[in-house]
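start.cif follows; it contains mmCIF, C-alpha atoms.
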```
data_my_file
loop_
_atom_site.label_atom_id
_atom_site.label_comp_id
_atom_site.auth_asym_id
_atom_site.auth_seq_id
_atom_site.Cartn_x
_atom_site.Cartn_y
_atom_site.Cartn_z
CA MET A 1 29.44 121.91 -49.12
CA ALA A 2 30.35 120.97 -52.67
CA LYS A 3 33.36 122.75 -54.02
CA PRO A 4 32.42 125.34 -56.62
CA PRO A 5 33.66 124.43 -60.12
CA PHE A 6 35.65 127.65 -60.49
CA GLU A 7 37.88 126.54 -57.64
CA GLN A 8 39.33 123.58 -59.54
CA ASP A 9 39.45 125.67 -62.74
CA LEU A 10 41.52 128.31 -60.99
CA VAL A 11 43.86 125.69 -59.60
CA SER A 12 44.34 124.39 -63.15
CA MET A 13 44.91 127.89 -64.49
CA VAL A 14 47.52 128.65 -61.83
CA SER A 15 49.27 125.40 -62.75
CA SER A 16 49.32 126.55 -66.37
CA LEU A 17 50.69 129.92 -65.36
CA ILE A 18 53.41 128.37 -63.19
CA HIS A 19 54.43 126.10 -66.05
CA LEU A 20 54.63 129.00 -68.50
CA ARG A 21 56.39 131.16 -65.97
CA THR A 22 59.01 128.49 -65.31
CA ILE A 23 59.95 128.32 -68.97
CA GLY A 24 59.68 132.07 -69.43
CA GLU A 25 61.99 132.71 -66.48
CA GLU A 26 64.52 130.25 -67.84
CA LEU A 27 64.45 132.18 -71.10
CA ARG A 28 65.04 135.48 -69.39
CA LYS A 29 67.79 134.09 -67.19
CA LYS A 30 70.19 133.08 -69.89
CA PRO A 31 72.04 135.50 -72.08
CA PHE A 32 71.43 134.14 -75.55
CA ALA A 33 74.92 134.85 -76.81
CA ILE A 34 78.24 135.50 -75.17
CA PRO A 35 79.20 139.13 -75.79
CA ARG A 36 81.86 138.31 -78.38
CA MET A 37 79.26 136.41 -80.42
CA GLU A 38 76.58 139.07 -80.40
CA ALA A 39 77.35 140.48 -83.81
CA ALA A 40 77.34 137.06 -85.44
CA LEU A 41 74.06 136.11 -83.81
CA ARG A 42 71.98 139.17 -84.55
CA ASP A 43 69.02 137.28 -86.06
CA SER A 44 69.08 134.61 -83.38
CA ARG A 45 69.01 137.24 -80.70
CA ALA A 46 66.07 138.94 -82.37
CA ALA A 47 64.21 135.61 -82.61
CA PHE A 48 65.01 134.98 -78.98
CA ALA A 49 63.81 138.41 -77.88
CA ASP A 50 60.56 137.78 -79.78
CA LEU A 51 60.18 134.49 -78.02
CA THR A 52 60.70 136.07 -74.63
CA SER A 53 58.15 138.79 -75.26
CA SER A 54 55.68 136.23 -76.61
CA PHE A 55 55.97 134.39 -73.32
CA GLU A 56 55.15 137.52 -71.42
CA ARG A 57 52.22 138.16 -73.73
CA THR A 58 50.93 134.62 -73.30
CA GLU A 59 51.09 134.97 -69.53
CA GLU A 60 49.10 138.16 -69.75
CA THR A 61 46.52 136.51 -72.02
CA LEU A 62 46.17 133.67 -69.58
CA GLN A 63 45.65 136.17 -66.77
CA ARG A 64 43.05 137.98 -68.86
CA GLU A 65 41.16 134.81 -69.73
CA ALA A 66 41.20 133.82 -66.06
CA GLN A 67 39.39 137.02 -65.05
CA PRO A 68 35.78 135.69 -65.31
CA CYS A 69 36.76 132.77 -63.12
CA LEU A 70 38.57 135.07 -60.69
CA ALA A 71 35.49 137.32 -60.52
CA GLN A 72 33.45 134.29 -59.41
CA TRP A 73 36.05 133.52 -56.79
CA LEU A 74 35.97 137.12 -55.53
CA ALA A 75 32.18 137.07 -55.36
CA ALA A 76 32.33 133.92 -53.25
CA GLN A 77 34.65 135.78 -50.88
CA GLY A 78 32.28 138.73 -50.77
CA LEU A 79 34.82 140.92 -52.53
CA GLN A 80 34.61 142.87 -55.74
CA LEU A 81 36.93 144.86 -57.91
CA GLY A 82 36.68 148.57 -57.16
CA GLY A 83 35.43 147.86 -53.66
CA GLU A 84 37.27 148.24 -50.39
CA ALA A 85 38.93 145.33 -48.70
CA VAL A 86 40.29 145.03 -45.18
CA PHE A 87 42.55 142.27 -43.90
CA GLU A 88 43.71 141.64 -40.40
CA GLY A 89 46.74 139.79 -39.18
CA SER A 90 47.62 138.81 -35.67
CA SER A 91 50.71 137.46 -34.00
CA ALA A 92 52.28 137.47 -30.57
CA MET A 93 53.10 141.12 -31.26
CA GLY A 94 49.51 142.15 -31.61
CA ILE A 95 46.97 142.86 -34.29
CA ALA A 96 47.32 145.00 -37.37
CA ARG A 97 45.12 145.77 -40.34
CA VAL A 98 45.54 146.83 -43.90
CA ARG A 99 42.82 148.55 -45.89
CA GLY A 100 42.72 149.50 -49.53
CA GLY A 101 40.79 149.60 -52.77
CA LEU A 102 40.77 146.24 -54.49
CA SER A 103 42.05 147.13 -57.93
CA VAL A 104 43.58 143.94 -59.33
CA VAL A 105 42.96 140.24 -58.98
CA ARG A 106 45.38 137.86 -60.64
CA LEU A 107 46.57 134.30 -60.57
CA CYS A 108 49.65 134.12 -58.38
CA PRO A 109 52.58 132.81 -60.43
CA ASN A 110 54.25 131.17 -57.42
CA MET A 111 53.16 128.50 -55.01
CA ILE A 112 52.92 129.86 -51.49
CA PHE A 113 53.51 127.21 -48.86
CA GLY A 114 52.69 124.59 -51.45
CA ARG A 115 49.37 126.16 -52.27
CA ARG A 116 48.15 127.67 -55.47
CA CYS A 117 47.05 131.21 -54.79
CA VAL A 118 45.29 134.27 -56.05
CA GLU A 119 46.82 137.65 -55.56
CA LEU A 120 44.93 140.80 -54.80
CA ILE A 121 46.32 144.27 -55.14
CA LEU A 122 45.02 146.94 -52.84
CA GLU A 123 45.48 150.46 -54.02
CA ASP A 124 46.05 153.44 -51.71
CA ALA A 125 46.60 151.07 -48.85
CA SER A 126 46.56 152.32 -45.29
CA PHE A 127 47.30 150.55 -42.06
CA ALA A 128 46.06 150.37 -38.51
CA LEU A 129 47.21 148.78 -35.28
CA GLY A 130 44.73 146.84 -33.20
CA ALA A 131 44.92 149.19 -30.24
CA LEU A 132 44.84 152.44 -32.14
CA PRO A 133 41.89 153.98 -33.89
CA GLY A 134 42.12 155.13 -37.45
CA TYR A 135 44.24 154.23 -40.44
CA THR A 136 47.47 155.84 -41.38
CA ASP A 137 50.27 155.22 -43.84
CA PHE A 138 52.91 152.56 -43.79
CA GLU A 139 55.81 154.85 -42.88
CA THR A 140 54.05 156.26 -39.82
CA LEU A 141 53.62 152.85 -38.24
CA GLY A 142 56.67 151.15 -39.66
CA GLN A 143 57.41 147.62 -40.64
CA ALA A 144 58.07 146.32 -37.14
CA GLN A 145 54.74 147.41 -35.71
CA LEU A 146 52.90 146.18 -38.75
CA SER A 147 54.59 142.81 -38.77
CA PRO A 148 51.44 140.98 -37.59
CA VAL A 149 49.70 141.84 -40.81
CA LEU A 150 52.86 141.87 -42.96
CA ASN A 151 54.14 138.54 -41.75
CA GLY A 152 50.87 136.71 -41.45
CA VAL A 153 50.79 133.14 -42.58
CA GLN A 154 49.97 134.13 -46.13
CA GLY A 155 51.54 137.49 -45.67
CA VAL A 156 50.91 140.89 -47.10
CA ARG A 157 53.62 142.06 -49.37
CA ILE A 158 54.33 145.47 -50.58
CA PRO A 159 55.70 145.45 -54.09
CA VAL A 160 58.60 147.53 -55.19
CA THR A 161 57.36 150.81 -56.50
CA LYS A 162 59.14 153.73 -58.03
CA ASP A 163 58.92 155.72 -54.83
CA GLY A 164 61.01 153.19 -53.01
CA TYR A 165 58.45 151.15 -51.20
CA LEU A 166 59.87 147.90 -49.89
CA GLY A 167 58.87 144.58 -51.31
CA ARG A 168 59.64 141.91 -53.79
CA HIS A 169 59.23 141.36 -57.43
CA LEU A 170 55.76 141.50 -58.86
CA SER A 171 54.36 142.46 -62.18
CA VAL A 172 52.23 145.37 -61.10
CA PRO A 173 50.24 147.11 -63.79
CA GLU A 174 52.04 150.23 -64.97
CA ALA A 175 49.30 152.50 -63.66
CA LEU A 176 49.96 151.37 -60.12
CA LEU A 177 53.72 151.79 -60.16
CA ASP A 178 53.79 155.13 -58.40
CA ARG A 179 51.05 154.34 -55.94
CA HIS A 180 51.27 152.75 -52.56
CA VAL A 181 49.94 149.32 -53.22
CA VAL A 182 49.83 146.16 -51.23
CA ARG A 183 49.76 142.66 -52.55
CA ILE A 184 47.88 139.99 -50.74
CA THR A 185 48.10 136.35 -51.65
CA LEU A 186 45.29 134.09 -50.63
CA PRO A 187 44.95 130.38 -51.28
CA ILE A 188 42.41 129.52 -53.94
CA LYS A 189 40.72 126.76 -52.05
CA GLN A 190 38.02 127.74 -49.62
CA ALA A 191 39.14 125.02 -47.21
CA ASP A 192 42.59 126.66 -47.03
CA ILE A 193 41.12 130.12 -46.55
CA ASP A 194 38.89 128.75 -43.79
CA SER A 195 41.80 127.22 -41.96
CA LEU A 196 43.74 130.45 -42.31
CA THR A 197 40.80 132.38 -40.85
CA ARG A 198 40.36 129.87 -38.03
CA SER A 199 44.01 130.22 -37.10
CA SER A 200 43.27 133.97 -36.97
CA HIS A 201 46.77 134.74 -38.21
CA PHE A 202 45.29 136.37 -41.24
CA ARG A 203 41.74 137.05 -42.28
CA ARG A 204 39.48 139.32 -44.16
CA VAL A 205 37.39 141.58 -41.93
CA MET B 1 96.32 124.68 -80.49
CA ALA B 2 96.23 128.01 -82.28
CA THR B 3 94.34 130.83 -80.57
CA LYS B 4 92.07 131.16 -83.56
CA ASP B 5 91.00 127.53 -83.23
CA THR B 6 90.32 127.96 -79.52
CA LYS B 7 88.13 130.94 -80.31
CA LEU B 8 86.24 128.97 -82.91
CA GLU B 9 85.72 126.15 -80.47
CA ALA B 10 84.52 128.56 -77.80
CA ALA B 11 82.07 130.07 -80.27
CA LEU B 12 80.74 126.65 -81.27
CA VAL B 13 80.52 125.52 -77.65
CA SER B 14 78.46 128.59 -76.87
CA MET B 15 76.21 128.03 -79.89
CA THR B 16 75.69 124.38 -79.04
CA GLY B 17 74.75 125.46 -75.54
CA THR B 18 72.14 127.74 -77.03
CA LEU B 19 70.70 125.01 -79.24
CA VAL B 20 70.58 122.48 -76.40
CA TYR B 21 68.93 125.08 -74.25
CA LEU B 22 66.32 126.00 -76.85
CA ARG B 23 65.62 122.33 -77.40
CA ASP B 24 65.14 121.73 -73.66
CA LEU B 25 62.77 124.62 -73.24
CA ALA B 26 60.75 123.68 -76.33
CA ALA B 27 60.53 120.13 -75.00
CA THR B 28 59.32 121.39 -71.63
CA LEU B 29 56.73 123.49 -73.39
CA SER B 30 55.45 120.49 -75.33
CA ALA B 31 55.84 117.90 -72.58
CA LYS B 32 52.29 118.20 -71.35
CA PRO B 33 49.30 120.28 -72.30
CA ILE B 34 50.00 123.57 -70.59
CA VAL B 35 46.35 124.39 -70.40
CA PRO B 36 44.59 121.40 -68.80
CA GLN B 37 41.67 119.90 -70.69
CA SER B 38 39.18 121.03 -68.06
CA VAL B 39 39.80 124.73 -68.64
CA THR B 40 40.51 124.82 -72.37
CA SER B 41 37.05 126.20 -73.11
CA HIS B 42 37.83 129.22 -70.94
CA MET B 43 41.14 129.96 -72.64
CA PRO B 44 40.97 129.86 -76.44
CA GLN B 45 43.34 132.80 -76.85
CA THR B 46 45.91 131.38 -74.45
CA ARG B 47 45.92 128.10 -76.34
CA ALA B 48 46.39 129.88 -79.64
CA GLU B 49 49.33 131.82 -78.23
CA ILE B 50 50.95 128.70 -76.83
CA ALA B 51 50.66 127.06 -80.24
CA ALA B 52 52.35 130.15 -81.69
CA LEU B 53 55.10 129.89 -79.07
CA LYS B 54 55.97 126.42 -80.29
CA LEU B 55 56.38 127.75 -83.82
CA GLN B 56 58.52 130.57 -82.50
CA PHE B 57 60.79 128.07 -80.80
CA GLU B 58 61.22 126.25 -84.09
CA ASN B 59 61.97 129.53 -85.77
CA ALA B 60 64.57 130.49 -83.17
CA GLN B 61 66.23 127.10 -83.61
CA ARG B 62 66.26 127.47 -87.37
CA VAL B 63 67.76 130.95 -87.23
CA ALA B 64 70.38 129.85 -84.69
CA HIS B 65 71.42 127.00 -87.00
CA GLN B 66 71.63 129.40 -89.92
CA GLU B 67 73.84 131.84 -88.08
CA ALA B 68 76.01 129.02 -86.78
CA GLN B 69 76.68 127.83 -90.33
CA PRO B 70 79.76 129.95 -91.10
CA PHE B 71 81.33 128.74 -87.85
CA VAL B 72 80.41 125.16 -88.67
CA ASP B 73 82.00 125.53 -92.11
CA GLU B 74 85.20 126.86 -90.60
CA TRP B 75 85.27 123.96 -88.14
CA LEU B 76 84.76 121.44 -90.96
CA ARG B 77 87.78 122.86 -92.76
CA LEU B 78 89.79 122.62 -89.57
CA VAL B 79 88.83 118.99 -88.97
CA GLY B 80 89.25 118.11 -92.66
CA LEU B 81 85.71 117.03 -93.38
CA GLN B 82 83.26 118.46 -95.84
CA VAL B 83 79.64 118.14 -96.80
CA GLY B 84 79.55 115.97 -99.91
CA GLY B 85 82.73 114.25 -98.77
CA VAL B 86 83.21 111.01 -96.91
CA ILE B 87 83.47 110.29 -93.20
CA ARG B 88 84.88 107.02 -91.90
CA GLY B 89 85.99 105.69 -88.59
CA THR B 90 85.87 103.00 -85.93
CA MET B 91 84.25 102.53 -82.57
CA GLY B 92 85.55 99.76 -80.34
CA HIS B 93 84.78 98.12 -77.08
CA ARG B 94 87.39 96.15 -75.25
CA ILE B 95 85.96 93.25 -73.29
CA SER B 96 88.70 91.17 -71.64
CA SER B 97 90.67 89.59 -74.47
CA ARG B 98 88.25 90.46 -77.24
CA THR B 99 87.53 93.81 -78.83
CA ASP B 100 84.28 94.28 -80.70
CA VAL B 101 84.88 96.86 -83.35
CA LEU B 102 82.40 98.75 -85.48
CA THR B 103 83.71 100.31 -88.66
CA PHE B 104 81.68 102.78 -90.65
CA GLU B 105 81.94 104.76 -93.82
CA GLY B 106 79.47 107.09 -95.47
CA GLY B 107 78.89 110.20 -97.48
CA ILE B 108 78.25 113.39 -95.51
CA ALA B 109 74.76 114.65 -96.38
CA HIS B 110 75.04 117.48 -93.91
CA ALA B 111 76.72 118.58 -90.71
CA ARG B 112 75.14 120.61 -87.99
CA LEU B 113 75.59 121.39 -84.33
CA HIS B 114 73.68 118.85 -82.33
CA HIS B 115 71.00 119.99 -79.90
CA TYR B 116 71.70 117.22 -77.41
CA LEU B 117 74.81 116.60 -75.42
CA VAL B 118 76.18 113.14 -76.13
CA SER B 119 77.60 111.71 -72.89
CA GLY B 120 77.87 115.30 -71.74
CA VAL B 121 79.88 116.31 -74.78
CA ARG B 122 78.98 118.98 -77.32
CA VAL B 123 79.04 117.42 -80.72
CA MET B 124 78.70 118.08 -84.41
CA SER B 125 76.16 115.76 -85.95
CA PHE B 126 76.96 114.31 -89.39
CA THR B 127 74.07 112.84 -91.30
CA LEU B 128 75.29 110.05 -93.52
CA GLU B 129 74.08 108.89 -96.89
CA GLY B 130 75.00 105.59 -98.46
CA ALA B 131 76.45 104.45 -95.17
CA ARG B 132 78.09 101.10 -94.58
CA ILE B 133 78.56 99.70 -91.09
CA SER B 134 80.79 96.64 -90.65
CA LEU B 135 81.08 94.75 -87.41
CA SER B 136 84.07 92.64 -86.33
CA ASP B 137 81.85 89.54 -86.26
CA GLY B 138 81.63 89.82 -90.03
CA SER B 139 78.13 91.26 -90.33
CA SER B 140 77.44 94.52 -92.10
CA GLY B 141 74.56 96.76 -93.05
CA ALA B 142 73.47 100.28 -93.86
CA LEU B 143 71.78 101.02 -90.53
CA LEU B 144 72.22 100.11 -86.87
CA SER B 145 68.71 98.67 -86.84
CA GLU B 146 69.73 96.12 -89.47
CA LEU B 147 72.50 94.89 -87.17
CA LYS B 148 70.46 94.67 -83.99
CA ASP B 149 71.18 90.97 -83.40
CA SER B 150 74.94 91.28 -83.77
CA LEU B 151 74.98 94.46 -81.69
CA ASN B 152 73.02 92.77 -78.93
CA ARG B 153 75.25 89.71 -78.96
CA GLY B 154 78.51 91.63 -78.86
CA HIS B 155 79.75 94.55 -76.84
CA PHE B 156 79.87 97.21 -79.47
CA LYS B 157 80.10 100.82 -78.51
CA THR B 158 77.71 103.03 -80.43
CA THR B 159 77.77 106.18 -78.29
CA ALA B 160 78.93 108.24 -81.25
CA MET B 161 76.31 106.88 -83.61
CA ARG B 162 72.62 107.44 -83.69
CA GLU B 163 69.79 106.35 -85.90
CA THR B 164 66.71 108.53 -86.26
CA ILE B 165 63.37 108.05 -87.90
CA ASP B 166 62.51 111.25 -89.70
CA ASP B 167 59.58 112.40 -91.74
CA ASP B 168 60.26 112.52 -95.42
CA ALA B 169 58.02 115.36 -96.54
CA GLU B 170 58.36 114.63 -100.26
CA ALA B 171 57.59 110.93 -100.09
CA ALA B 172 55.16 111.44 -97.16
CA THR B 173 56.81 108.56 -95.37
CA LYS B 174 59.26 107.84 -92.56
CA VAL B 175 62.90 107.46 -93.34
CA ARG B 176 65.69 106.09 -91.14
CA LYS B 177 68.85 108.12 -91.03
CA LEU B 178 72.25 107.39 -89.59
CA HIS B 179 74.20 110.08 -87.79
CA VAL B 180 77.74 110.17 -86.47
CA HIS B 181 78.60 112.52 -83.63
CA VAL B 182 82.01 114.15 -83.51
CA PRO B 183 83.02 116.25 -80.48
CA VAL B 184 83.28 119.95 -81.21
CA GLN B 185 86.38 120.34 -79.04
CA ALA B 186 89.72 118.83 -80.04
CA ARG B 187 90.32 117.83 -76.43
CA MET B 188 87.13 115.75 -76.40
CA ARG B 189 87.88 114.23 -79.80
CA GLU B 190 91.16 112.98 -78.32
CA ASP B 191 89.27 111.71 -75.29
CA TRP B 192 86.94 109.76 -77.51
CA VAL B 193 89.84 108.25 -79.41
CA ARG B 194 91.47 107.12 -76.15
CA GLY B 195 88.17 105.68 -74.93
CA HIS B 196 87.52 103.91 -78.25
CA THR B 197 84.29 105.89 -78.54
CA LEU B 198 85.21 107.23 -81.94
CA GLN B 199 88.29 107.31 -84.06
CA LEU B 200 88.02 108.96 -87.44
CA THR B 201 90.17 107.24 -90.04
#
```
Mind turning this structure into structure tokens?
Amino acid sequence: MAKPPFEQDLVSMVSSLIHLRTIGEELRKKPFAIPRMEAALRDSRAAFADLTSSFERTEETLQREAQPCLAQWLAAQGLQLGGEAVFEGSSAMGIARVRGGLSVVRLCPNMIFGRRCVELILEDASFALGALPGYTDFETLGQAQLSPVLNGVQGVRIPVTKDGYLGRHLSVPEALLDRHVVRITLPIKQADIDSLTRSSHFRRV
Amino acid sequence: MATKDTKLEAALVSMTGTLVYLRDLAATLSAKPIVPQSVTSHMPQTRAEIAALKLQFENAQRVAHQEAQPFVDEWLRLVGLQVGGVIRGTMGHRISSRTDVLTFEGGIAHARLHHYLVSGVRVMSFTLEGARISLSDGSSGALLSELKDSLNRGHFKTTAMRETIDDDAEAATKVRKLHVHVPVQARMREDWVRGHTLQLT
């Protein structure tokens, strides 16, 4: 099957985002002036702060302009924003699932295992173990039991939220900060998703 | 060295670091088209913002130079050089029995912190006007490019000297300029004297 054009476009867009992000992170990393110099460098610091916020804005614009392309990608996966999505992970420890409302799709600003990825955010996520019926919350089942789905090849990650959920850094939209959300990163390329599904470590169900 | 001088050096070292850093990041930003050709039609706004980012980098560099100026002025007084004055010195290269020496002299058009490290050293860059370069083989000229043959034949050391081709906005043409780099830190200036990289005279 011919690769859909949006696939290569998304790969290009993620490359752009990674490039911007690399520079932007460098900017944020370095204090612009040693403390003793701050007073003398007031204007420079202001110019620098502007620059940093412009980077963030540019990243957001890129994400926004990528949305039509991402919507095509979602459609090809049989997913849509506002709909429900369920993913399953399996490992030697068993099978676990995560379910939630698909509320955000974005370009992933990091390579995951050398692949350019898309990230999905599931809102009001709930979890299930293969053997047990019904979904419940993360705390009830715990990280260890859920490791099949949490530690799948592409992994499910739970971003830091204000209520102390575990996770790593992610720019989650403000509105989601207090909610239980789950971030899923999937490779852009269908061939990679297929091989992930075949391995049955992680798949959409 | 007096504490005050050390503080000034530390301030200038920090500011040079900032300028080098800004320069690096701006270069990375411009190194390749961030938005690949194939997707430009999807991202007009992103492209516009990236173009604006480049201008913002230039602005940040300009402002940083401006705010560095009082420190640069103080340093110039300390080193005994001034804009409008004259800078002269020698650069040598010892090869067995022979030493190829470059002697220069020129008016100081301006002095600014340099945004590149020169052999890993933070330097002040002096732009010369009416410069004269004399080589120990007897040749002389106003620019390094005029002395290419002699420089290639000999073993002259020109680490501390750089020629640039700049746009001349008024004349709408390119103009070659000669710059001399002087280490910001006294310790490195002494190093350069010992290594025959640069001795101001």
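Residues matched by the PyMOL selection byres ((chain B and resi 26-35) around 8) in this structure: Ser12, Met13, Ser16, His19, Leu20 and Ile23 of chain A; Leu22, Arg23, Asp24, Leu25, Pro36, Gln37, Val39, Thr40, Met43, Arg47, Lys54 and Phe57 of chain B.
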Note to self: Please list, as an NGL selection string, the residues that have an atom at most 9 Å away from (71.5, 106.6, -81.2) in the coordinates of this file, counting all atoms listed in the file.
What the structure shows: :B and (144 or 158-164 or 178-180)
Next item on the list: For chain A, report every residue with an atom at most 9 Å from chain B (counting only C-alpha atoms), formatted as a ChimeraX atom specification.
Entry: /A:8-10,12-13,15-17,19-20,23-24,26-27,32-34,36-37,40-48,50-51,54-55,57-62,65-66,68-69
Output C-alpha atoms for every residue in that selection, as a PDB file, in the coordinates of the input.
```pdb
ATOM      1  CA  GLN A   8      39.330 123.580 -59.540  1.00  0.00           C
ATOM      2  CA  ASP A   9      39.450 125.670 -62.740  1.00  0.00           C
ATOM      3  CA  LEU A  10      41.520 128.310 -60.990  1.00  0.00           C
ATOM      4  CA  SER A  12      44.340 124.390 -63.150  1.00  0.00           C
ATOM      5  CA  MET A  13      44.910 127.890 -64.490  1.00  0.00           C
ATOM      6  CA  SER A  15      49.270 125.400 -62.750  1.00  0.00           C
ATOM      7  CA  SER A  16      49.320 126.550 -66.370  1.00  0.00           C
ATOM      8  CA  LEU A  17      50.690 129.920 -65.360  1.00  0.00           C
ATOM      9  CA  HIS A  19      54.430 126.100 -66.050  1.00  0.00           C
ATOM     10  CA  LEU A  20      54.630 129.000 -68.500  1.00  0.00           C
ATOM     11  CA  ILE A  23      59.950 128.320 -68.970  1.00  0.00           C
ATOM     12  CA  GLY A  24      59.680 132.070 -69.430  1.00  0.00           C
ATOM     13  CA  GLU A  26      64.520 130.250 -67.840  1.00  0.00           C
ATOM     14  CA  LEU A  27      64.450 132.180 -71.100  1.00  0.00           C
ATOM     15  CA  PHE A  32      71.430 134.140 -75.550  1.00  0.00           C
ATOM     16  CA  ALA A  33      74.920 134.850 -76.810  1.00  0.00           C
ATOM     17  CA  ILE A  34      78.240 135.500 -75.170  1.00  0.00           C
ATOM     18  CA  ARG A  36      81.860 138.310 -78.380  1.00  0.00           C
ATOM     19  CA  MET A  37      79.260 136.410 -80.420  1.00  0.00           C
ATOM     20  CA  ALA A  40      77.340 137.060 -85.440  1.00  0.00           C
ATOM     21  CA  LEU A  41      74.060 136.110 -83.810  1.00  0.00           C
ATOM     22  CA  ARG A  42      71.980 139.170 -84.550  1.00  0.00           C
ATOM     23  CA  ASP A  43      69.020 137.280 -86.060  1.00  0.00           C
ATOM     24  CA  SER A  44      69.080 134.610 -83.380  1.00  0.00           C
ATOM     25  CA  ARG A  45      69.010 137.240 -80.700  1.00  0.00           C
ATOM     26  CA  ALA A  46      66.070 138.940 -82.370  1.00  0.00           C
ATOM     27  CA  ALA A  47      64.210 135.610 -82.610  1.00  0.00           C
ATOM     28  CA  PHE A  48      65.010 134.980 -78.980  1.00  0.00           C
ATOM     29  CA  ASP A  50      60.560 137.780 -79.780  1.00  0.00           C
ATOM     30  CA  LEU A  51      60.180 134.490 -78.020  1.00  0.00           C
ATOM     31  CA  SER A  54      55.680 136.230 -76.610  1.00  0.00           C
ATOM     32  CA  PHE A  55      55.970 134.390 -73.320  1.00  0.00           C
ATOM     33  CA  ARG A  57      52.220 138.160 -73.730  1.00  0.00           C
ATOM     34  CA  THR A  58      50.930 134.620 -73.300  1.00  0.00           C
ATOM     35  CA  GLU A  59      51.090 134.970 -69.530  1.00  0.00           C
ATOM     36  CA  GLU A  60      49.100 138.160 -69.750  1.00  0.00           C
ATOM     37  CA  THR A  61      46.520 136.510 -72.020  1.00  0.00           C
ATOM     38  CA  LEU A  62      46.170 133.670 -69.580  1.00  0.00           C
ATOM     39  CA  GLU A  65      41.160 134.810 -69.730  1.00  0.00           C
ATOM     40  CA  ALA A  66      41.200 133.820 -66.060  1.00  0.00           C
ATOM     41  CA  PRO A  68      35.780 135.690 -65.310  1.00  0.00           C
ATOM     42  CA  CYS A  69      36.760 132.770 -63.120  1.00  0.00           C
TER      43      CYS A  69
END
```
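Here the PyMOL selection byres ((chain B and resi 166) around 12) captures the residues Thr127, Glu163, Thr164, Ile165, Asp167, Asp168, Ala169, Glu170, Ala171, Ala172, Thr173, Lys174, Val175, Arg176, Lys177, Leu178 and His179 of chain B.
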Preceding selection exported with C-alpha atoms as a JSON list (two decimals), in the coordinates of the input:
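Listing of again04.json after writing:
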```json
[["chain", "number", "residue", "atom", "x", "y", "z"],
["B", 127, "THR", "CA", 74.07, 112.84, -91.30],
["B", 163, "GLU", "CA", 69.79, 106.35, -85.90],
["B", 164, "THR", "CA", 66.71, 108.53, -86.26],
["B", 165, "ILE", "CA", 63.37, 108.05, -87.90],
["B", 167, "ASP", "CA", 59.58, 112.40, -91.74],
["B", 168, "ASP", "CA", 60.26, 112.52, -95.42],
["B", 169, "ALA", "CA", 58.02, 115.36, -96.54],
["B", 170, "GLU", "CA", 58.36, 114.63, -100.26],
["B", 171, "ALA", "CA", 57.59, 110.93, -100.09],
["B", 172, "ALA", "CA", 55.16, 111.44, -97.16],
["B", 173, "THR", "CA", 56.81, 108.56, -95.37],
["B", 174, "LYS", "CA", 59.26, 107.84, -92.56],
["B", 175, "VAL", "CA", 62.90, 107.46, -93.34],
["B", 176, "ARG", "CA", 65.69, 106.09, -91.14],
["B", 177, "LYS", "CA", 68.85, 108.12, -91.03],
["B", 178, "LEU", "CA", 72.25, 107.39, -89.59],
["B", 179, "HIS", "CA", 74.20, 110.08, -87.79]]
```
Would you kindly return, as a PDB file with C-alpha atoms, in the frame of the given file, each protein, DNA or RNA residue with an atom no farther than 8 Å from any atom of A:Ala71, considering all atoms listed in the file and excluding same-chain residues fewer than 4 positions away?
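After the write, around.pdb holds the following:
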```
ATOM      1  CA  GLN A  67      39.390 137.020 -65.050  1.00  0.00           C
ATOM      2  CA  ALA A  75      32.180 137.070 -55.360  1.00  0.00           C
ATOM      3  CA  GLN A  80      34.610 142.870 -55.740  1.00  0.00           C
TER       4      GLN A  80
END
```
Next item on the list: Please identify all polymer residues within 10 Å of A:Glu123, counting all atoms listed in the file, omitting same-chain residues fewer than 2 positions from it, and present them as a ChimeraX atom specification.
Entry: /A:82,84-85,99-104,120-121,125-126,176,179-183
Check: Nearest to B:Thr197 among B:Val182, B:Leu135, B:Ile108, B:Val86, with distances taken over all atoms listed in the file: which residue is it?
Finding: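 That would be B:Val182, the residue with the smallest distance to B:Thr197.
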